[in-house]
Amino acid sequence: DTAVSQTPKYLVTQMGNDKSIKCEQNLGHDTMYWYKQDSKKFLKIMFSYNNKELIINETVPNRFSPKSPDKAHLNLHINSLELGDSAVYFCASSHDGANQPQHFGDGTRLSIL
Amino acid sequence: QKEVEQDPGPLSVPEGAIVSLNCTYSNSAFQYFMWYRQYSRKGPELLMYTYSSGNKEDGRFTAQVDKSSKYISLFIRDSQPSDSATYLCAMSAQGGSYIPTFGRGTSLIVHP
């Protein structure tokens, strides 16, 4: 009965590869997010989707492309992986509307060799 | 100056101690304040959510907001080893973008 689930938990790959991370939420939320947490623990918003529509796209390289097939799913595809992409990527969701608290998945630990 | 400042610690306390975790911020438009707890290799988990100034209590946890000083606190009473985690504060403004701004987290270690 996991609320926000991400797969895979760990991803180790080589520079230049393309990879995807999947996220699903069963909370009935309308809004989903991708965050990047670096080694210093800062959580930085990357994207936000509301009812499958992209509403926030922070300054993220266009190698990162989110896709939301329905409001319960938000996937993240990354092309041409670089060393600096190594981080923990968190998916989150919330009810629609301003300032709703977010519920996070357990993260995908991406390591680039 | 970052919008939200939080001492990364680690803060090490004995079991049973009262813990005080704090954040300062610079954006006077912030009205919503949150505390998240993050265990190692897990996602942040919402602990407390408050609006504007004042105190909110939930079991051993008390969140306090002082908007005049742009300072928020989380107090943990009777701390337990299971409270050992990183605590992140987050805050957002009313209207506009509703993406909260996070502090970098304070690592708390409660030793038996």
# chains A, B, ... in the order shown; residues from 1 in each chain; ligands from 1

$ interface_residues --of "chain B" --to "chain A" --cutoff "12 Å" --atoms "only C-alpha atoms" --output "MDAnalysis selection string"
chainID B and resid 2 4:9 30:51 86:107

$ closest_atom_pairs --of "range 3-54 of chain A" --to "range 71-78 of chain A" --cutoff "9 Å" --atoms "only C-alpha atoms" --output "Markdown table"
| residue | atom | partner | partner_atom | distance |
| --- | --- | --- | --- | --- |
| A:Asn17 | CA | A:Ile78 | CA | 8.4 |
| A:Asp18 | CA | A:Ile78 | CA | 5.6 |
| A:Lys19 | CA | A:Ile78 | CA | 5.4 |
| A:Ser20 | CA | A:His77 | CA | 4.3 |
| A:Ile21 | CA | A:Leu76 | CA | 5.2 |
| A:Lys22 | CA | A:Asn75 | CA | 4.4 |
| A:Cys23 | CA | A:Leu74 | CA | 5.3 |
| A:Glu24 | CA | A:His73 | CA | 4.5 |
| A:Gln25 | CA | A:Ala72 | CA | 5.2 |
| A:Asn26 | CA | A:Ala72 | CA | 6.7 |
| A:Leu27 | CA | A:Ala72 | CA | 8.3 |
| A:Gly28 | CA | A:Ala72 | CA | 7.2 |
| A:His29 | CA | A:Ala72 | CA | 7.3 |
| A:Asp30 | CA | A:Lys71 | CA | 5.9 |
| A:Thr31 | CA | A:Lys71 | CA | 7.3 |
| A:Met32 | CA | A:Leu74 | CA | 6.8 |
| A:Tyr33 | CA | A:Leu74 | CA | 7.7 |
| A:Trp34 | CA | A:Leu76 | CA | 7.9 |
| A:Tyr49 | CA | A:Leu74 | CA | 7.9 |
| A:Asn50 | CA | A:Lys71 | CA | 7.3 |
| A:Asn51 | CA | A:Lys71 | CA | 4.9 |
| A:Lys52 | CA | A:Lys71 | CA | 5.3 |
| A:Glu53 | CA | A:Lys71 | CA | 8.8 |

$ select_by_dssp --residues "chain B" --states "strand (DSSP E)" --output "PyMOL selection string"
chain B and resi 4-5+11-14+19-25+30-38+45-51+54-58+61-66+71-76+85-93+101-102+106-111

$ atom_distance --atom1 "CA of Ile109 in chain B" --atom2 "CA of Val13 in chain B"
6.3 Å
